[in-house]
Amino acid sequence: MASTRFAVAPMKVAQVPKPGADFQIVEREIPNPDAGQVRIKVQACGICHSDVLTKEGAWPGIQYPRVPGHEVAGIIDELGAGVSAWKKGQRVGVGWHGGQDNTCPSCRRGDFRNCRNLKIPGISYDGGYQQYMVAPMEALVAMPESLTDVEAAPLLCAGITTYNALRHSGAMPGDLVAVQGIGGLGHLGIQFANKFGYNVAAIGRGSENAALAKKLGASVYIDSKATNAAEALQKLGGAQVILATAPNSKAMSALIDGLGPNGKLVVIGATFDPVEVTPIQLISGSRTIQGWAAGTPADSEDTLRFAELSGVRPMIETYPLEKAGEAYARMMSGNAQFRVVLTM
């Protein structure tokens, strides 16, 4: 990315000074956008589990200090040279897909999601844990007026990931679709699956999740602590799709036998541990395992419009920017209900 020019004015920033360090709340000069960029006055930024990649230095090549954040909702504050399709004062968002190179083999085929040199806010450049940020125009997402900034922010990562994975899964209305995990991703996955017309089975740990799962739209709740979830799915006829949202490879592996004929395990819960499966498990019933990552800004706009029409909304907890460290710890604890969002 081109070097960024700065205007003379301070803004607050929550930055990670080096891998594994605590957050620092500091003042920086407000950046000016270069050609092909816009400056966004950030209104809200979701805290995603993937922010651990920046916080702990788990993504190669990150330059520090770095400002995390790839669930950004705000207003265009300034346009760089050559930006004509967007207007000052327009509400926009920026998600995981923060720009592409437009030259790699994937981009030349229009597969921008798999760009070899994908830019990611909070990793490739400073993200949304700050009052103003600069982003390339190809990363921008137009936001419906009916969604608040706090509602929209988590939909730009957790929302698009579950929505996009489900709509490309091959499941049809009426099919049995299981959602593993009732957390930041799962609580949105259940809602989207219900609105898509699937027969939704929610899989969680403990009976205390049953009422919430039903409220979110599940037809069936399976307590994996009390029963064999794969066997329970087979009693229901076998799942056409299992959306694995909780980052627990052992739990994912245990569900493969719950797939029906031609069933698919779609993995969106990110973890570094291996998913274990035998060839016989896949051969028997022609089962498949597929990973899925977010989507393009156009996919984000589809997600926001569908949420607007269907009433899908994230459950959130908000924290001010100055408490970014506390908010991040809340997210990492697994106790948040269910997405944590910073407000500016």
# chains A, B, ... in the order shown; residues from 1 in each chain; ligands from 1
$ residues_around --residues "stretch 120-136 of chain A" --least-positions-apart "2" --cutoff "7 Å" --atoms "only C-alpha atoms" --output "JSON, numbers by chain"
{"A": [11, 12, 13, 14, 30, 31, 33, 36, 37, 38, 39, 40, 41, 42, 45, 54, 62, 66, 67, 68, 69, 70, 72, 96, 97, 98, 99, 118, 138, 139, 321, 344]}
$ write_last_selection --atoms "N, CA and C atoms" --output "short mmCIF file (atom, residue, chain, number, x, y, z; two decimals), in the first residue's frame"
data_model
loop_
_atom_site.label_atom_id
_atom_site.label_comp_id
_atom_site.auth_asym_id
_atom_site.auth_seq_id
_atom_site.Cartn_x
_atom_site.Cartn_y
_atom_site.Cartn_z
N MET A 11 -6.01 11.63 17.32
CA MET A 11 -7.10 10.67 17.47
C MET A 11 -6.64 9.59 18.44
N LYS A 12 -7.60 8.88 19.04
CA LYS A 12 -7.27 7.79 19.95
C LYS A 12 -7.19 6.47 19.19
N VAL A 13 -6.23 5.67 19.59
CA VAL A 13 -5.93 4.41 18.93
C VAL A 13 -5.66 3.35 19.99
N ALA A 14 -6.19 2.14 19.78
CA ALA A 14 -5.82 0.99 20.62
C ALA A 14 -4.88 0.12 19.79
N ILE A 30 -4.36 12.08 12.75
CA ILE A 30 -5.38 11.51 11.87
C ILE A 30 -4.79 11.35 10.47
N PRO A 31 -4.86 10.16 9.88
CA PRO A 31 -4.23 9.93 8.57
C PRO A 31 -5.07 10.50 7.43
N PRO A 33 -6.08 9.99 3.35
CA PRO A 33 -6.07 8.90 2.37
C PRO A 33 -5.23 9.24 1.14
N GLY A 36 -6.99 6.31 -4.36
CA GLY A 36 -7.67 5.02 -4.31
C GLY A 36 -8.09 4.59 -2.93
N GLN A 37 -7.92 5.48 -1.94
CA GLN A 37 -8.26 5.18 -0.57
C GLN A 37 -9.35 6.14 -0.07
N VAL A 38 -9.97 5.76 1.04
CA VAL A 38 -10.87 6.67 1.75
C VAL A 38 -10.48 6.67 3.23
N ARG A 39 -10.81 7.75 3.90
CA ARG A 39 -10.67 7.79 5.35
C ARG A 39 -12.05 7.60 5.96
N ILE A 40 -12.12 6.73 6.94
CA ILE A 40 -13.38 6.39 7.60
C ILE A 40 -13.35 6.89 9.04
N LYS A 41 -14.39 7.61 9.42
CA LYS A 41 -14.58 7.95 10.82
C LYS A 41 -15.29 6.75 11.44
N VAL A 42 -14.55 5.99 12.23
CA VAL A 42 -15.06 4.72 12.77
C VAL A 42 -16.12 5.01 13.84
N CYS A 45 -16.47 -1.02 16.01
CA CYS A 45 -15.61 -2.08 15.47
C CYS A 45 -15.76 -3.33 16.32
N THR A 54 -3.25 -10.91 15.26
CA THR A 54 -2.49 -9.67 15.41
C THR A 54 -1.95 -9.52 16.83
N ILE A 62 3.46 -9.36 10.03
CA ILE A 62 2.78 -8.18 10.57
C ILE A 62 3.82 -7.16 11.05
N ARG A 66 0.66 -2.28 15.57
CA ARG A 66 -0.44 -2.53 14.66
C ARG A 66 -1.76 -2.36 15.39
N VAL A 67 -2.74 -1.79 14.70
CA VAL A 67 -4.09 -1.59 15.23
C VAL A 67 -4.98 -2.70 14.67
N PRO A 68 -5.52 -3.59 15.51
CA PRO A 68 -6.38 -4.66 15.00
C PRO A 68 -7.75 -4.12 14.57
N GLY A 69 -8.58 -5.04 14.06
CA GLY A 69 -9.97 -4.72 13.79
C GLY A 69 -10.39 -4.86 12.35
N HIS A 70 -11.25 -5.86 12.06
CA HIS A 70 -11.74 -6.06 10.70
C HIS A 70 -13.28 -6.20 10.67
N VAL A 72 -15.54 -3.28 10.86
CA VAL A 72 -15.55 -1.82 10.99
C VAL A 72 -16.83 -1.23 10.39
N TRP A 96 -13.23 -8.56 6.76
CA TRP A 96 -11.98 -9.32 6.64
C TRP A 96 -11.31 -9.06 5.30
N HIS A 97 -12.11 -9.00 4.23
CA HIS A 97 -11.56 -8.76 2.90
C HIS A 97 -11.26 -7.28 2.75
N GLY A 98 -10.00 -6.92 2.94
CA GLY A 98 -9.62 -5.52 2.96
C GLY A 98 -8.93 -5.04 1.71
N GLY A 99 -9.09 -5.77 0.61
CA GLY A 99 -8.47 -5.38 -0.65
C GLY A 99 -7.77 -6.56 -1.30
N LEU A 118 -4.14 -11.14 -0.52
CA LEU A 118 -5.28 -10.50 0.12
C LEU A 118 -4.82 -9.57 1.23
N GLU A 138 -11.68 -0.59 -2.75
CA GLU A 138 -12.25 -1.89 -3.11
C GLU A 138 -12.66 -2.72 -1.89
N ALA A 139 -12.29 -2.25 -0.69
CA ALA A 139 -12.66 -2.96 0.53
C ALA A 139 -14.00 -2.50 1.11
N LEU A 321 -13.78 2.42 23.26
CA LEU A 321 -12.45 2.17 22.71
C LEU A 321 -11.39 2.13 23.80
N MET A 344 -16.88 4.19 19.56
CA MET A 344 -15.90 5.28 19.56
C MET A 344 -16.42 6.52 20.30
#
$ residues_around --residues "A:Arg287" --least-positions-apart "2" --cutoff "7 Å" --atoms "only C-alpha atoms" --output "list in words"
Pro261, Asn262, Gly263, Lys264, Leu282, Ile283 and Gly285 of chain A
$ residues_around --residues "A:Leu342" --least-positions-apart "5" --cutoff "8 Å" --atoms "only C-alpha atoms" --output "PyMOL selection string"
chain A and resi 44-47+129+318-321+324+327
$ residues_around --residues "stretch 109-114 of chain A" --least-positions-apart "3" --cutoff "10 Å" --atoms "only C-alpha atoms" --output "list in words"
Trp96, His97, Gly99, Gln100, Asp101, Asn102, Thr103, Cys104, Pro105, Ser106, Asn117, Leu118, Ala293, Ala294, Gly295, Thr296, Pro297 and Asp299 of chain A
$ closest_residue --among "A:Val277, A:Ala85, A:Ile182, A:Ala270" --to "A:Lys214" --atoms "only C-alpha atoms"
A:Ile182
$ residues_around --residues "A:Ala201" --least-positions-apart "4" --cutoff "6 Å" --atoms "only C-alpha atoms" --output "list in words"
Ala178, Ala218, Ser219, Val220 and Tyr221 of chain A
$ closest_residue --among "A:Arg313, A:Lys250, A:Arg91, A:Lys195" --to "A:Leu166" --atoms "only C-alpha atoms"
A:Lys195
$ select_by_dssp --residues "stretch 61-172 of chain A" --states "helix (DSSP H, G or I)" --output "list of chain:residue names"
A:Pro105, A:Ser106, A:Cys107, A:Arg108, A:Phe112, A:Arg113, A:Asn114, A:Met137, A:Glu138, A:Ala139, A:Asp149, A:Val150, A:Glu151, A:Ala152, A:Ala153, A:Pro154, A:Leu155, A:Leu156, A:Cys157, A:Ala158, A:Gly159, A:Ile160, A:Thr161, A:Thr162, A:Tyr163, A:Asn164, A:Ala165, A:Leu166, A:Arg167
$ closest_residue --among "A:Asp223, A:Glu78, A:Glu29, A:Glu151" --to "A:Pro314" --atoms "only C-alpha atoms"
A:Glu151
$ decode --residues "stretch 191-220 of chain A" --atoms "N, CA, C and O atoms" --output "mmCIF file, in the first residue's frame"
data_model
loop_
_atom_site.group_PDB
_atom_site.id
_atom_site.type_symbol
_atom_site.label_atom_id
_atom_site.label_comp_id
_atom_site.auth_asym_id
_atom_site.auth_seq_id
_atom_site.Cartn_x
_atom_site.Cartn_y
_atom_site.Cartn_z
ATOM 1 N N GLN A 191 -29.600 -18.516 13.161
ATOM 2 C CA GLN A 191 -30.591 -17.579 12.632
ATOM 3 C C GLN A 191 -30.646 -17.620 11.109
ATOM 4 O O GLN A 191 -31.735 -17.693 10.511
ATOM 5 N N PHE A 192 -29.483 -17.570 10.454
ATOM 6 C CA PHE A 192 -29.468 -17.605 8.998
ATOM 7 C C PHE A 192 -30.033 -18.932 8.482
ATOM 8 O O PHE A 192 -30.816 -18.953 7.517
ATOM 9 N N ALA A 193 -29.657 -20.044 9.111
ATOM 10 C CA ALA A 193 -30.144 -21.354 8.669
ATOM 11 C C ALA A 193 -31.662 -21.434 8.766
ATOM 12 O O ALA A 193 -32.335 -21.977 7.881
ATOM 13 N N ASN A 194 -32.202 -20.880 9.835
ATOM 14 C CA ASN A 194 -33.654 -20.854 9.998
ATOM 15 C C ASN A 194 -34.316 -20.023 8.904
ATOM 16 O O ASN A 194 -35.323 -20.447 8.300
ATOM 17 N N LYS A 195 -33.752 -18.855 8.609
ATOM 18 C CA LYS A 195 -34.341 -17.964 7.604
ATOM 19 C C LYS A 195 -34.181 -18.529 6.193
ATOM 20 O O LYS A 195 -34.961 -18.178 5.296
ATOM 21 N N PHE A 196 -33.196 -19.408 5.985
ATOM 22 C CA PHE A 196 -33.028 -20.067 4.691
ATOM 23 C C PHE A 196 -34.044 -21.199 4.484
ATOM 24 O O PHE A 196 -34.131 -21.763 3.406
ATOM 25 N N GLY A 197 -34.779 -21.536 5.537
ATOM 26 C CA GLY A 197 -35.782 -22.590 5.418
ATOM 27 C C GLY A 197 -35.264 -23.984 5.717
ATOM 28 O O GLY A 197 -35.918 -24.976 5.385
ATOM 29 N N TYR A 198 -34.121 -24.086 6.369
ATOM 30 C CA TYR A 198 -33.587 -25.393 6.736
ATOM 31 C C TYR A 198 -34.280 -25.919 7.986
ATOM 32 O O TYR A 198 -34.829 -25.155 8.791
ATOM 33 N N ASN A 199 -34.222 -27.222 8.164
ATOM 34 C CA ASN A 199 -34.591 -27.866 9.422
ATOM 35 C C ASN A 199 -33.337 -27.822 10.288
ATOM 36 O O ASN A 199 -32.389 -28.562 10.041
ATOM 37 N N VAL A 200 -33.310 -26.945 11.271
ATOM 38 C CA VAL A 200 -32.069 -26.614 11.968
ATOM 39 C C VAL A 200 -31.916 -27.406 13.261
ATOM 40 O O VAL A 200 -32.795 -27.371 14.133
ATOM 41 N N ALA A 201 -30.788 -28.095 13.369
ATOM 42 C CA ALA A 201 -30.407 -28.759 14.614
ATOM 43 C C ALA A 201 -29.218 -28.009 15.194
ATOM 44 O O ALA A 201 -28.173 -27.894 14.544
ATOM 45 N N ALA A 202 -29.375 -27.457 16.378
ATOM 46 C CA ALA A 202 -28.283 -26.761 17.054
ATOM 47 C C ALA A 202 -27.582 -27.730 17.996
ATOM 48 O O ALA A 202 -28.240 -28.492 18.717
ATOM 49 N N ILE A 203 -26.253 -27.709 17.975
ATOM 50 C CA ILE A 203 -25.459 -28.610 18.815
ATOM 51 C C ILE A 203 -24.632 -27.768 19.777
ATOM 52 O O ILE A 203 -23.810 -26.941 19.355
ATOM 53 N N GLY A 204 -24.862 -27.950 21.074
ATOM 54 C CA GLY A 204 -24.119 -27.213 22.089
ATOM 55 C C GLY A 204 -23.720 -28.134 23.222
ATOM 56 O O GLY A 204 -24.052 -29.325 23.228
ATOM 57 N N ARG A 205 -23.019 -27.571 24.181
ATOM 58 C CA ARG A 205 -22.580 -28.338 25.344
ATOM 59 C C ARG A 205 -23.333 -27.855 26.576
ATOM 60 O O ARG A 205 -23.112 -26.729 27.039
ATOM 61 N N GLY A 206 -24.259 -28.678 27.068
ATOM 62 C CA GLY A 206 -25.015 -28.327 28.253
ATOM 63 C C GLY A 206 -26.458 -27.995 27.931
ATOM 64 O O GLY A 206 -26.756 -27.391 26.900
ATOM 65 N N SER A 207 -27.347 -28.378 28.840
ATOM 66 C CA SER A 207 -28.780 -28.172 28.624
ATOM 67 C C SER A 207 -29.172 -26.707 28.706
ATOM 68 O O SER A 207 -30.241 -26.314 28.225
ATOM 69 N N GLU A 208 -28.305 -25.869 29.293
ATOM 70 C CA GLU A 208 -28.661 -24.460 29.478
ATOM 71 C C GLU A 208 -28.769 -23.703 28.146
ATOM 72 O O GLU A 208 -29.320 -22.604 28.098
ATOM 73 N N ASN A 209 -28.242 -24.277 27.064
ATOM 74 C CA ASN A 209 -28.303 -23.609 25.765
ATOM 75 C C ASN A 209 -29.581 -23.909 24.992
ATOM 76 O O ASN A 209 -29.832 -23.288 23.955
ATOM 77 N N ALA A 210 -30.378 -24.835 25.468
ATOM 78 C CA ALA A 210 -31.527 -25.311 24.700
ATOM 79 C C ALA A 210 -32.534 -24.208 24.401
ATOM 80 O O ALA A 210 -32.982 -24.042 23.264
ATOM 81 N N ALA A 211 -32.904 -23.437 25.417
ATOM 82 C CA ALA A 211 -33.927 -22.409 25.227
ATOM 83 C C ALA A 211 -33.468 -21.349 24.241
ATOM 84 O O ALA A 211 -34.235 -20.912 23.368
ATOM 85 N N LEU A 212 -32.211 -20.923 24.350
ATOM 86 C CA LEU A 212 -31.690 -19.914 23.442
ATOM 87 C C LEU A 212 -31.649 -20.454 22.013
ATOM 88 O O LEU A 212 -32.007 -19.744 21.063
ATOM 89 N N ALA A 213 -31.209 -21.698 21.848
ATOM 90 C CA ALA A 213 -31.136 -22.300 20.519
ATOM 91 C C ALA A 213 -32.505 -22.295 19.842
ATOM 92 O O ALA A 213 -32.634 -21.962 18.654
ATOM 93 N N LYS A 214 -33.535 -22.638 20.596
ATOM 94 C CA LYS A 214 -34.895 -22.646 20.046
ATOM 95 C C LYS A 214 -35.331 -21.220 19.706
ATOM 96 O O LYS A 214 -35.970 -20.975 18.673
ATOM 97 N N LYS A 215 -34.989 -20.261 20.564
ATOM 98 C CA LYS A 215 -35.356 -18.867 20.322
ATOM 99 C C LYS A 215 -34.690 -18.337 19.056
ATOM 100 O O LYS A 215 -35.285 -17.542 18.304
ATOM 101 N N LEU A 216 -33.474 -18.782 18.792
ATOM 102 C CA LEU A 216 -32.742 -18.333 17.612
ATOM 103 C C LEU A 216 -33.261 -18.968 16.329
ATOM 104 O O LEU A 216 -32.955 -18.483 15.238
ATOM 105 N N GLY A 217 -34.001 -20.069 16.465
ATOM 106 C CA GLY A 217 -34.589 -20.675 15.277
ATOM 107 C C GLY A 217 -34.312 -22.144 15.080
ATOM 108 O O GLY A 217 -34.692 -22.717 14.039
ATOM 109 N N ALA A 218 -33.685 -22.804 16.039
ATOM 110 C CA ALA A 218 -33.426 -24.238 15.899
ATOM 111 C C ALA A 218 -34.705 -25.034 16.141
ATOM 112 O O ALA A 218 -35.497 -24.706 17.029
ATOM 113 N N SER A 219 -34.904 -26.071 15.344
ATOM 114 C CA SER A 219 -36.027 -26.986 15.561
ATOM 115 C C SER A 219 -35.692 -28.017 16.623
ATOM 116 O O SER A 219 -36.565 -28.474 17.357
ATOM 117 N N VAL A 220 -34.404 -28.358 16.695
ATOM 118 C CA VAL A 220 -33.937 -29.394 17.616
ATOM 119 C C VAL A 220 -32.679 -28.903 18.302
ATOM 120 O O VAL A 220 -31.843 -28.248 17.673
#
